[in-house]
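Student: To be precise about what I am sending: the file is called run.txt and holds compact mmCIF, C-alpha atoms.
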# COMPACT_ATOMS: atom_id res chain seq x y z
CA MET A 133 -3.79 -24.01 11.58
CA LYS A 134 -6.60 -21.46 11.41
CA ALA A 135 -6.86 -19.27 8.32
CA ILE A 136 -9.31 -17.03 6.50
CA LEU A 137 -10.69 -18.97 3.54
CA VAL A 138 -12.81 -18.00 0.54
CA LYS A 139 -15.84 -20.31 0.25
CA GLN A 140 -16.35 -19.32 -3.37
CA PRO A 141 -15.53 -16.23 -5.43
CA GLY A 142 -17.77 -13.34 -4.47
CA GLY A 143 -18.38 -10.67 -1.87
CA PRO A 144 -16.97 -10.26 1.64
CA GLU A 145 -19.59 -12.67 2.98
CA GLN A 146 -17.61 -15.48 1.30
CA LEU A 147 -14.77 -15.08 3.81
CA ILE A 148 -14.77 -17.58 6.70
CA LEU A 149 -12.40 -18.56 9.46
CA GLY A 150 -11.52 -22.20 8.87
CA GLU A 151 -8.74 -24.79 8.97
CA TYR A 152 -5.86 -25.08 6.50
CA GLU A 153 -2.68 -27.15 6.42
CA GLN A 154 0.22 -25.45 8.17
CA PRO A 155 3.10 -24.77 5.73
CA LEU A 156 6.63 -26.09 6.16
CA PRO A 157 9.58 -23.75 5.64
CA GLY A 158 12.02 -24.37 2.81
CA PRO A 159 15.79 -23.99 3.28
CA TYR A 160 15.70 -20.19 2.90
CA GLU A 161 12.27 -19.55 4.40
CA LEU A 162 11.00 -18.49 7.79
CA LEU A 163 7.84 -19.91 9.34
CA VAL A 164 6.28 -16.93 11.10
CA LYS A 165 3.55 -16.99 13.71
CA VAL A 166 1.41 -14.16 12.39
CA HIS A 167 0.24 -11.49 14.84
CA ALA A 168 -1.09 -9.03 12.26
CA THR A 169 -1.70 -8.70 8.55
CA ALA A 170 -3.14 -5.87 6.45
CA LEU A 171 -5.71 -5.47 3.70
CA ASN A 172 -4.90 -4.56 0.11
CA ARG A 173 -7.03 -4.02 -2.98
CA ALA A 174 -5.43 -7.15 -4.42
CA ASP A 175 -7.09 -9.14 -1.61
CA THR A 176 -10.55 -7.95 -2.64
CA LEU A 177 -9.88 -8.77 -6.29
CA GLN A 178 -8.54 -12.23 -5.40
CA ARG A 179 -11.60 -12.84 -3.22
CA GLN A 180 -13.76 -12.08 -6.26
CA GLY A 181 -11.77 -14.52 -8.42
CA LYS A 182 -10.29 -11.70 -10.54
CA TYR A 183 -6.66 -11.81 -9.36
CA PRO A 184 -5.20 -15.30 -8.92
CA PRO A 185 -2.04 -15.63 -6.83
CA PRO A 186 1.30 -16.10 -8.62
CA LYS A 187 2.38 -19.65 -9.46
CA GLY A 188 3.58 -21.44 -6.34
CA ALA A 189 2.14 -18.88 -3.92
CA SER A 190 -0.30 -19.72 -1.14
CA PRO A 191 -3.96 -19.46 -2.23
CA ILE A 192 -4.73 -17.79 1.11
CA LEU A 193 -5.25 -14.02 0.96
CA GLY A 194 -2.77 -11.62 2.52
CA LEU A 195 0.32 -9.91 1.08
CA GLU A 196 2.05 -8.73 4.26
CA ILE A 197 2.58 -9.88 7.80
CA ALA A 198 4.12 -9.00 11.13
CA GLY A 199 4.88 -11.69 13.67
CA VAL A 200 7.43 -13.88 15.42
CA VAL A 201 9.73 -16.45 13.81
CA GLU A 202 8.55 -19.91 14.79
CA GLU A 203 11.08 -21.86 12.74
CA ALA A 204 13.94 -20.96 10.40
CA GLY A 205 14.91 -23.00 7.34
CA ILE A 206 18.20 -24.90 7.48
CA ASN A 207 20.02 -22.32 5.31
CA CYS A 208 18.70 -19.24 7.11
CA THR A 209 21.33 -17.11 8.85
CA LYS A 210 19.72 -13.70 9.53
CA TYR A 211 16.88 -14.68 11.86
CA LYS A 212 16.18 -17.27 14.52
CA LYS A 213 13.17 -18.48 16.51
CA GLY A 214 11.69 -15.67 18.59
CA ASP A 215 12.78 -12.80 16.34
CA LYS A 216 10.11 -10.23 15.45
CA VAL A 217 9.85 -9.69 11.70
CA PHE A 218 7.60 -8.14 9.09
CA GLY A 219 7.54 -8.23 5.32
CA LEU A 220 5.89 -8.74 1.95
CA LEU A 221 4.44 -12.06 0.77
CA PRO A 222 3.06 -13.38 -2.53
CA GLY A 223 0.13 -14.69 -0.44
CA GLY A 224 -0.78 -16.48 2.78
CA GLY A 225 -0.96 -13.63 5.28
CA TYR A 226 -4.50 -14.24 6.54
CA ALA A 227 -3.39 -17.23 8.60
CA GLU A 228 -1.94 -18.26 11.97
CA TYR A 229 1.34 -19.17 10.26
CA ALA A 230 2.90 -17.93 7.04
CA LEU A 231 6.11 -18.44 5.10
CA ILE A 232 8.42 -15.62 4.06
CA HIS A 233 11.77 -15.77 2.30
CA GLU A 234 14.43 -14.75 4.82
CA GLU A 235 15.71 -11.96 2.55
CA MET A 236 12.19 -10.51 2.30
CA ALA A 237 11.83 -10.26 6.09
CA MET A 238 12.72 -7.08 7.98
CA PRO A 239 13.25 -6.67 11.74
CA ILE A 240 10.41 -4.87 13.50
CA PRO A 241 11.70 -1.64 15.09
CA ASP A 242 11.22 -1.66 18.86
CA ASN A 243 8.96 1.40 18.74
CA LEU A 244 6.38 -0.25 16.47
CA SER A 245 3.59 -2.67 17.36
CA PHE A 246 2.77 -5.72 15.26
CA GLU A 247 -0.26 -3.88 13.88
CA GLU A 248 1.86 -0.88 12.86
CA ALA A 249 4.56 -3.06 11.30
CA ALA A 250 1.99 -4.99 9.26
CA ALA A 251 0.86 -1.69 7.72
CA ILE A 252 4.27 -0.97 6.19
CA PRO A 253 5.52 -3.56 3.66
CA GLU A 254 3.18 -3.43 0.67
CA VAL A 255 2.57 0.31 0.61
CA PHE A 256 6.10 1.50 1.36
CA LEU A 257 7.72 -1.00 -1.03
CA THR A 258 5.22 -0.03 -3.75
CA ALA A 259 5.77 3.67 -3.13
CA TRP A 260 9.56 3.31 -3.06
CA GLN A 261 9.51 1.35 -6.31
CA ALA A 262 7.26 3.96 -7.96
CA LEU A 263 9.06 7.07 -6.72
CA VAL A 264 12.71 6.00 -6.77
CA TRP A 265 13.20 2.94 -8.96
CA LEU A 266 10.73 3.88 -11.70
CA GLY A 267 10.01 7.59 -11.27
CA LYS A 268 13.66 8.52 -10.54
CA LEU A 269 12.42 11.30 -8.24
CA GLN A 270 15.16 13.78 -7.29
CA ALA A 271 15.46 16.40 -4.55
CA GLY A 272 13.85 19.64 -5.66
CA GLU A 273 11.53 18.00 -8.18
CA ARG A 274 7.74 18.05 -8.01
CA VAL A 275 5.60 14.92 -7.67
CA LEU A 276 1.83 14.60 -8.03
CA ILE A 277 0.40 11.71 -6.00
CA HIS A 278 -3.14 10.68 -6.83
CA ALA A 279 -5.22 9.02 -4.07
CA GLY A 280 -2.99 10.70 -1.52
CA ALA A 281 -4.88 9.31 1.47
CA SER A 282 -4.68 5.69 0.31
CA GLY A 283 -2.17 3.29 1.82
CA VAL A 284 0.36 3.77 -0.98
CA GLY A 285 -0.47 7.47 -1.11
CA THR A 286 0.28 8.08 2.56
CA ALA A 287 3.57 6.18 2.20
CA ALA A 288 4.50 8.04 -0.99
CA ILE A 289 3.85 11.47 0.58
CA GLN A 290 6.23 10.68 3.44
CA LEU A 291 8.94 9.20 1.23
CA ALA A 292 8.76 12.05 -1.29
CA ARG A 293 8.92 14.61 1.51
CA THR A 294 11.95 12.84 2.98
CA LEU A 295 13.58 12.87 -0.47
CA LYS A 296 13.11 16.66 -0.42
CA ALA A 297 10.63 16.77 -3.29
CA GLU A 298 7.66 19.13 -3.54
CA VAL A 299 4.49 17.09 -3.04
CA LEU A 300 1.10 17.70 -4.67
CA VAL A 301 -1.78 15.33 -3.90
CA THR A 302 -5.32 14.67 -5.00
CA ALA A 303 -7.88 13.30 -2.54
CA SER A 304 -11.49 13.83 -1.53
CA GLU A 305 -12.26 16.87 0.60
CA GLY A 306 -12.49 14.96 3.86
CA LYS A 307 -9.08 13.33 3.41
CA LEU A 308 -6.98 16.34 2.45
CA HIS A 309 -6.13 17.34 6.03
CA ALA A 310 -4.49 13.94 6.63
CA CYS A 311 -2.34 14.48 3.52
CA LYS A 312 -1.28 17.89 4.81
CA GLU A 313 -0.34 16.40 8.19
CA LEU A 314 1.94 13.93 6.38
CA GLY A 315 3.75 16.74 4.59
CA ALA A 316 1.95 17.42 1.30
CA HIS A 317 2.51 20.96 0.03
CA LYS A 318 -0.43 21.35 -2.37
CA LEU A 319 -3.85 19.80 -1.65
CA ILE A 320 -6.30 19.22 -4.51
CA ASN A 321 -9.90 18.11 -4.05
CA TYR A 322 -10.41 15.92 -7.11
CA GLN A 323 -14.19 15.96 -6.53
CA ASP A 324 -14.48 19.72 -7.11
CA PRO A 325 -16.60 19.96 -10.30
CA ASP A 326 -15.57 23.54 -10.98
CA VAL A 327 -11.78 23.13 -10.93
CA PRO A 328 -10.26 20.05 -12.64
CA PHE A 329 -7.14 18.76 -10.92
CA GLU A 330 -4.96 19.56 -13.95
CA ASP A 331 -5.96 23.24 -13.71
CA GLU A 332 -4.96 23.26 -10.04
CA VAL A 333 -1.61 21.63 -10.81
CA LEU A 334 -0.74 24.03 -13.62
CA ALA A 335 -1.85 27.08 -11.66
CA TYR A 336 0.22 26.05 -8.64
CA THR A 337 3.32 25.40 -10.77
CA ASN A 338 3.01 28.51 -12.95
CA ASN A 339 2.15 26.27 -15.93
CA GLU A 340 5.43 24.36 -15.56
CA GLY A 341 3.88 21.08 -14.41
CA VAL A 342 5.36 18.29 -12.31
CA ASP A 343 8.26 15.90 -12.85
CA VAL A 344 6.64 12.68 -11.62
CA ILE A 345 3.04 11.47 -11.28
CA ILE A 346 2.02 8.40 -9.28
CA ASP A 347 -1.38 7.27 -10.57
CA PHE A 348 -3.87 4.53 -9.67
CA ILE A 349 -6.83 5.70 -11.77
CA ALA A 350 -5.41 5.21 -15.30
CA GLY A 351 -7.94 5.72 -18.11
CA PRO A 352 -9.96 8.74 -16.91
CA TYR A 353 -6.80 10.59 -15.80
CA PHE A 354 -4.45 9.73 -18.65
CA ASN A 355 -4.83 12.82 -20.84
CA GLN A 356 -4.90 15.16 -17.86
CA ASN A 357 -1.76 13.52 -16.48
CA LEU A 358 0.06 14.18 -19.76
CA ASP A 359 -0.96 17.83 -19.49
CA CYS A 360 0.37 18.01 -15.93
CA LEU A 361 3.85 16.69 -16.76
CA ARG A 362 6.71 19.01 -17.57
CA LEU A 363 9.56 18.31 -20.00
CA ASP A 364 11.11 14.86 -19.37
CA GLY A 365 8.30 14.01 -16.95
CA ARG A 366 7.54 10.46 -15.78
CA LEU A 367 4.06 8.98 -15.35
CA VAL A 368 3.99 5.82 -13.20
CA ILE A 369 0.70 3.90 -13.40
CA LEU A 370 0.18 1.37 -10.59
CA ALA A 371 -3.49 0.44 -11.05
CA SER A 372 -6.49 1.07 -13.28
CA LEU A 373 -9.22 1.72 -10.72
CA GLY A 374 -10.99 4.09 -13.12
CA GLY A 375 -10.72 1.79 -16.13
CA GLY A 376 -8.12 0.82 -18.67
CA LYS A 377 -9.42 2.52 -21.82
CA VAL A 378 -8.49 5.99 -23.08
CA ASP A 379 -10.09 8.01 -25.88
CA ASN A 380 -8.55 10.78 -27.98
CA VAL A 381 -4.94 10.50 -26.81
CA ASP A 382 -2.59 12.97 -28.49
CA LEU A 383 0.68 11.02 -28.61
CA ARG A 384 2.51 14.14 -29.74
CA LYS A 385 2.45 15.28 -26.10
CA ILE A 386 4.62 12.30 -25.20
CA LEU A 387 7.01 13.04 -28.06
CA THR A 388 7.35 16.79 -27.71
CA LYS A 389 7.69 16.75 -23.91
CA ARG A 390 9.89 13.59 -23.99
CA LEU A 391 7.61 11.88 -21.47
CA GLN A 392 7.94 8.40 -20.04
CA VAL A 393 4.80 6.37 -19.32
CA ILE A 394 5.60 3.44 -17.01
CA GLY A 395 3.26 0.71 -15.82
CA SER A 396 4.09 -1.63 -12.97
CA THR A 397 2.79 -4.14 -10.46
CA LEU A 398 4.84 -5.54 -7.58
CA ARG A 399 3.25 -8.91 -6.83
CA SER A 400 4.19 -10.36 -10.22
CA ARG A 401 7.85 -9.31 -9.95
CA THR A 402 10.53 -11.97 -9.51
CA LYS A 403 11.67 -12.94 -6.04
CA GLU A 404 15.13 -11.53 -6.84
CA TYR A 405 13.62 -8.15 -7.75
CA GLN A 406 11.51 -8.06 -4.59
CA ILE A 407 14.50 -8.96 -2.42
CA LYS A 408 16.62 -6.15 -3.89
CA LEU A 409 13.72 -3.71 -3.45
CA THR A 410 13.28 -4.79 0.17
CA GLU A 411 16.99 -4.38 0.87
CA ASP A 412 17.02 -0.92 -0.73
CA LEU A 413 13.98 0.30 1.19
CA SER A 414 15.30 -1.19 4.44
CA ARG A 415 18.58 0.72 4.19
CA PHE A 416 16.76 3.99 3.65
CA ALA A 417 13.62 3.65 5.72
CA LEU A 418 14.24 1.41 8.75
CA PRO A 419 16.40 4.01 10.55
CA LEU A 420 13.72 6.63 9.84
CA PHE A 421 10.97 4.40 11.25
CA LYS A 422 13.08 3.89 14.37
CA GLU A 423 13.50 7.66 14.72
CA GLY A 424 9.80 8.32 14.08
CA LYS A 425 10.54 10.35 10.93
CA LEU A 426 8.52 7.86 8.89
CA LYS A 427 5.40 6.24 10.27
CA PRO A 428 2.84 3.67 9.19
CA VAL A 429 -0.60 5.21 8.80
CA VAL A 430 -3.17 2.84 10.34
CA ASP A 431 -6.79 3.75 9.72
CA SER A 432 -8.32 0.92 11.76
CA VAL A 433 -7.62 -2.49 13.28
CA TYR A 434 -10.09 -5.38 13.05
CA ASP A 435 -9.96 -8.76 14.71
CA TRP A 436 -9.55 -11.29 11.92
CA GLU A 437 -12.89 -12.85 12.84
CA ASP A 438 -14.38 -9.60 11.51
CA VAL A 439 -12.56 -9.87 8.16
CA ALA A 440 -15.79 -9.56 6.15
CA GLU A 441 -16.53 -6.24 7.83
CA ALA A 442 -12.99 -5.08 7.10
CA HIS A 443 -13.39 -5.99 3.41
CA HIS A 444 -16.68 -4.09 3.26
CA TYR A 445 -14.87 -1.09 4.75
CA ILE A 446 -11.96 -1.06 2.30
CA GLU A 447 -14.41 -1.33 -0.60
CA SER A 448 -16.29 1.69 0.73
CA ASN A 449 -13.15 3.77 0.06
CA LYS A 450 -13.49 5.60 3.38
CA ASN A 451 -10.17 4.62 4.93
CA ILE A 452 -7.15 6.89 5.34
CA GLY A 453 -4.08 4.68 5.30
CA LYS A 454 -4.09 0.98 6.09
CA ILE A 455 -6.72 -1.40 7.45
CA VAL A 456 -5.10 -4.04 9.65
CA LEU A 457 -6.27 -7.47 10.82
CA ARG A 458 -5.17 -8.60 14.27
CA VAL A 459 -4.61 -12.37 14.13
CA SER A 460 -5.68 -13.78 17.48
How would this structure read if it were set down as structure tokens?
Tutor:
Amino acid sequence: MKAILVKQPGGPEQLILGEYEQPLPGPYELLVKVHATALNRADTLQRQGKYPPPKGASPILGLEIAGVVEEAGINCTKYKKGDKVFGLLPGGGYAEYALIHEEMAMPIPDNLSFEEAAAIPEVFLTAWQALVWLGKLQAGERVLIHAGASGVGTAAIQLARTLKAEVLVTASEGKLHACKELGAHKLINYQDPDVPFEDEVLAYTNNEGVDVIIDFIAGPYFNQNLDCLRLDGRLVILASLGGGKVDNVDLRKILTKRLQVIGSTLRSRTKEYQIKLTEDLSRFALPLFKEGKLKPVVDSVYDWEDVAEAHHYIESNKNIGKIVLRVS
């Protein structure tokens, strides 16, 4: 089969369209003919040799797919050949064919294209895990979502809004309007040198702060995040794009405000955990996708032959929502 391969660890120019052995489905796996996949930051790190795939996973890039079942394993009961499915993978999405555990696959709603469906799994599962499973977000609470125009950010805004929470976001000036369109209540330009985001948060909340923070920056935001949390607040850290080191942390803030600081990744979770998360999100979100109350946010679609250009684009940090590869 054809697949996107990494010649050697490095920049986007190392990505080539080549040949790779087609996988065979296990008893509980589906072999899916891939029509679309989507880019994630993990793909760029793996391309650079900084994020190896989990043990037993395909070395091919790609954490999510949308396509048509080509073959179902002998113990599969939910899907058959010809069914349209989408879902999360530990790897292997940048290929003509990919394997997915049957319980990780979700049916594509009739109102969504393959490209739209491919933009859902990683960001909505990550956002659901962060907001609901880890952050325990409740109706009427406030949540601060950093990088609000990112893939996970755009998913988290919609989910938090649907959960009836008050949504505050940080993003660059040019991306704030998109966050507002998705339902964010308070827009904060994190690049404003005169007004730090924590000042904006505290002013907007009458110095009460927020209940949950979803953060991808880590180090540079850590102290400010503690200041932004109210009593019994929860800080969920999903990445360390700004660096992993913090200076001059006053741990008494965590004690006196009874804060929880939670770190998580999704790719390294067990298959059982990911299946339960997929089932939980599916029950809540699939009907809303069908009704158009939730929507994938697709920034752009590239033909997979232009994968290097797509990787350059995601690393430029200009996208709003997901960058999708059409597998032709």
Student: Here is a test: counting all atoms listed in the file, which residue of A:Ile197, A:Ile349, A:Ala288, A:Leu221 is nearest to Thr402 in chain A?
Tutor: A:Leu221
Student: Would you mind listing what lies within 9 Å of Gln180 in chain A as a ChimeraX atom specification, with only C-alpha atoms counted and same-chain residues fewer than 5 positions away left out?
Tutor: /A:140-144,175
Student: Using all atoms listed in the file, can you tell me which of A:Leu162, A:Leu149, A:Val299, A:Ala174 comes closest to Ser400 in chain A?
Tutor: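 The answer is A:Ala174, which sits nearest to Ser400 in chain A.
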Student: Write out as number ranges by chain each polymer residue whose atoms come within 12 Å of Pro428 in chain A, counting all atoms listed in the file; drop sequence neighbours fewer than 2 positions from it.
Tutor: A: 170, 241, 243-256, 282-291, 314, 417-418, 420-422, 424-426, 430-432, 452-456
Student: Restricted to C-alpha atoms, what would the selected residues look like written as a PDB file, in the coordinates of the input?
Tutor:
ATOM      1  CA  ALA A 170      -3.140  -5.870   6.450  1.00  0.00           C
ATOM      2  CA  PRO A 241      11.700  -1.640  15.090  1.00  0.00           C
ATOM      3  CA  ASN A 243       8.960   1.400  18.740  1.00  0.00           C
ATOM      4  CA  LEU A 244       6.380  -0.250  16.470  1.00  0.00           C
ATOM      5  CA  SER A 245       3.590  -2.670  17.360  1.00  0.00           C
ATOM      6  CA  PHE A 246       2.770  -5.720  15.260  1.00  0.00           C
ATOM      7  CA  GLU A 247      -0.260  -3.880  13.880  1.00  0.00           C
ATOM      8  CA  GLU A 248       1.860  -0.880  12.860  1.00  0.00           C
ATOM      9  CA  ALA A 249       4.560  -3.060  11.300  1.00  0.00           C
ATOM     10  CA  ALA A 250       1.990  -4.990   9.260  1.00  0.00           C
ATOM     11  CA  ALA A 251       0.860  -1.690   7.720  1.00  0.00           C
ATOM     12  CA  ILE A 252       4.270  -0.970   6.190  1.00  0.00           C
ATOM     13  CA  PRO A 253       5.520  -3.560   3.660  1.00  0.00           C
ATOM     14  CA  GLU A 254       3.180  -3.430   0.670  1.00  0.00           C
ATOM     15  CA  VAL A 255       2.570   0.310   0.610  1.00  0.00           C
ATOM     16  CA  PHE A 256       6.100   1.500   1.360  1.00  0.00           C
ATOM     17  CA  SER A 282      -4.680   5.690   0.310  1.00  0.00           C
ATOM     18  CA  GLY A 283      -2.170   3.290   1.820  1.00  0.00           C
ATOM     19  CA  VAL A 284       0.360   3.770  -0.980  1.00  0.00           C
ATOM     20  CA  GLY A 285      -0.470   7.470  -1.110  1.00  0.00           C
ATOM     21  CA  THR A 286       0.280   8.080   2.560  1.00  0.00           C
ATOM     22  CA  ALA A 287       3.570   6.180   2.200  1.00  0.00           C
ATOM     23  CA  ALA A 288       4.500   8.040  -0.990  1.00  0.00           C
ATOM     24  CA  ILE A 289       3.850  11.470   0.580  1.00  0.00           C
ATOM     25  CA  GLN A 290       6.230  10.680   3.440  1.00  0.00           C
ATOM     26  CA  LEU A 291       8.940   9.200   1.230  1.00  0.00           C
ATOM     27  CA  LEU A 314       1.940  13.930   6.380  1.00  0.00           C
ATOM     28  CA  ALA A 417      13.620   3.650   5.720  1.00  0.00           C
ATOM     29  CA  LEU A 418      14.240   1.410   8.750  1.00  0.00           C
ATOM     30  CA  LEU A 420      13.720   6.630   9.840  1.00  0.00           C
ATOM     31  CA  PHE A 421      10.970   4.400  11.250  1.00  0.00           C
ATOM     32  CA  LYS A 422      13.080   3.890  14.370  1.00  0.00           C
ATOM     33  CA  GLY A 424       9.800   8.320  14.080  1.00  0.00           C
ATOM     34  CA  LYS A 425      10.540  10.350  10.930  1.00  0.00           C
ATOM     35  CA  LEU A 426       8.520   7.860   8.890  1.00  0.00           C
ATOM     36  CA  VAL A 430      -3.170   2.840  10.340  1.00  0.00           C
ATOM     37  CA  ASP A 431      -6.790   3.750   9.720  1.00  0.00           C
ATOM     38  CA  SER A 432      -8.320   0.920  11.760  1.00  0.00           C
ATOM     39  CA  ILE A 452      -7.150   6.890   5.340  1.00  0.00           C
ATOM     40  CA  GLY A 453      -4.080   4.680   5.300  1.00  0.00           C
ATOM     41  CA  LYS A 454      -4.090   0.980   6.090  1.00  0.00           C
ATOM     42  CA  ILE A 455      -6.720  -1.400   7.450  1.00  0.00           C
ATOM     43  CA  VAL A 456      -5.100  -4.040   9.650  1.00  0.00           C
TER      44      VAL A 456
END
Student: In Å, with one decimal, what is the gap from CA of Phe218 in chain A to CA of Val200 in chain A?
Tutor: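 A separation of 8.5 Å between them.
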Student: Ranking A:Pro186, A:Gly225, A:Gly395, A:Pro328 by minimum distance to Leu163 in chain A and counting all atoms listed in the file, which one comes first?
Tutor: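 Between A:Pro186, A:Gly225, A:Gly395, A:Pro328, the residue approaching Leu163 in chain A most closely is A:Gly225.
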Student: Taking (1.8, -23.9, 2.2) in the file's coordinates as the center, which residues reach within 10 Å of it, counting only C-alpha atoms, put as a ChimeraX atom specification?
Tutor: /A:152-157,188-192,223-224,229-231
Student: Would you save the residues from that selection as a compact mmCIF listing (two decimals), in the frame of the given file, using C-alpha atoms?
Tutor:
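As written to disk, out_13.txt reads:
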# COMPACT_ATOMS: atom_id res chain seq x y z
CA TYR A 152 -5.86 -25.08 6.50
CA GLU A 153 -2.68 -27.15 6.42
CA GLN A 154 0.22 -25.45 8.17
CA PRO A 155 3.10 -24.77 5.73
CA LEU A 156 6.63 -26.09 6.16
CA PRO A 157 9.58 -23.75 5.64
CA GLY A 188 3.58 -21.44 -6.34
CA ALA A 189 2.14 -18.88 -3.92
CA SER A 190 -0.30 -19.72 -1.14
CA PRO A 191 -3.96 -19.46 -2.23
CA ILE A 192 -4.73 -17.79 1.11
CA GLY A 223 0.13 -14.69 -0.44
CA GLY A 224 -0.78 -16.48 2.78
CA TYR A 229 1.34 -19.17 10.26
CA ALA A 230 2.90 -17.93 7.04
CA LEU A 231 6.11 -18.44 5.10
Student: Between CA of Asp438 in chain A and CA of Ser372 in chain A, what is the spacing in Å?
Tutor: 28.1 Å
Student: For range 273-279 of chain A, work out the shell of residues within 6 Å, counting all atoms listed in the file and skipping chain neighbours fewer than 3 positions away, then give it as a list in words.
Tutor: Gln270, Ser282, Gly285, Ala297, Glu298, Val299, Leu300, Val301, Thr302, Ala303, Val342, Asp343, Val344, Ile345, Ile346 and Asp347 of chain A
Student: By how many Å are CA of Leu147 in chain A and CA of Gly199 in chain A apart?
Tutor: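 Between these atoms lies a distance of 22.2 Å.
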Student: Smallest atom-to-atom distance to Cys311 in chain A: which of A:Gly194, A:Gly374, A:Gly272, A:Gly280, using all atoms listed in the file?
Tutor: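 Ranking A:Gly194, A:Gly374, A:Gly272, A:Gly280 by distance to Cys311 in chain A, first place goes to A:Gly280.
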Student: Of the candidates A:Val327, A:Ile136, A:Leu269, A:Leu220, which one gets nearest to Leu457 in chain A if we count only C-alpha atoms?
Tutor: A:Ile136
Student: Edge lengths and centre in Å to one decimal, as lines of an AutoDock Vina configuration file, of the axis-aligned box that encloses all listed atoms of range 439-458 of chain A with 4 Å added on every side?
Tutor:
center_x = -10.4
center_y = -1.5
center_z = 6.8
size_x = 20.6
size_y = 24.8
size_z = 22.9
Student: Between A:Ser304, A:Gln146, A:Thr410, A:Asn207, which has the minimum distance to Gly181 in chain A (counting all atoms listed in the file)?
Tutor: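 Of the candidates, the smallest distance to Gly181 in chain A is held by A:Gln146.
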Student: I want to know what sits within 9 Å of Phe329 in chain A, based on all atoms listed in the file, with residues of the same chain fewer than 6 positions away left out; could you give that as a ChimeraX atom specification?
Tutor: /A:302,320-323,356
Student: Give me a file of those residues, with C-alpha atoms, as a PDB file, in the coordinates of the input.
Tutor:
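Contents of selection-v2.pdb, freshly written:
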ATOM      1  CA  THR A 302      -5.320  14.670  -5.000  1.00  0.00           C
ATOM      2  CA  ILE A 320      -6.300  19.220  -4.510  1.00  0.00           C
ATOM      3  CA  ASN A 321      -9.900  18.110  -4.050  1.00  0.00           C
ATOM      4  CA  TYR A 322     -10.410  15.920  -7.110  1.00  0.00           C
ATOM      5  CA  GLN A 323     -14.190  15.960  -6.530  1.00  0.00           C
ATOM      6  CA  GLN A 356      -4.900  15.160 -17.860  1.00  0.00           C
TER       7      GLN A 356
END
Student: Considering all atoms listed in the file, return as a compact mmCIF listing (two decimals) with C-alpha atoms, keeping the file's coordinate frame whatever protein or nucleic-acid residues lie within 12 Å of Lys408 in chain A, sequence-local ones (same chain, fewer than 2 positions apart) excluded.
Tutor:
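Dumped to out.txt:
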# COMPACT_ATOMS: atom_id res chain seq x y z
CA GLU A 235 15.71 -11.96 2.55
CA MET A 236 12.19 -10.51 2.30
CA ALA A 237 11.83 -10.26 6.09
CA LEU A 257 7.72 -1.00 -1.03
CA TRP A 260 9.56 3.31 -3.06
CA GLN A 261 9.51 1.35 -6.31
CA TRP A 265 13.20 2.94 -8.96
CA ARG A 401 7.85 -9.31 -9.95
CA THR A 402 10.53 -11.97 -9.51
CA LYS A 403 11.67 -12.94 -6.04
CA GLU A 404 15.13 -11.53 -6.84
CA TYR A 405 13.62 -8.15 -7.75
CA GLN A 406 11.51 -8.06 -4.59
CA THR A 410 13.28 -4.79 0.17
CA GLU A 411 16.99 -4.38 0.87
CA ASP A 412 17.02 -0.92 -0.73
CA LEU A 413 13.98 0.30 1.19
CA SER A 414 15.30 -1.19 4.44
CA ARG A 415 18.58 0.72 4.19
Student: Just give me the residues with any atom within 7 Å of (8.8, 12.7, -18.5), file coordinates, counting all atoms listed in the file, written as a PyMOL selection string.
Tutor: chain A and resi 343+361-367+389-392
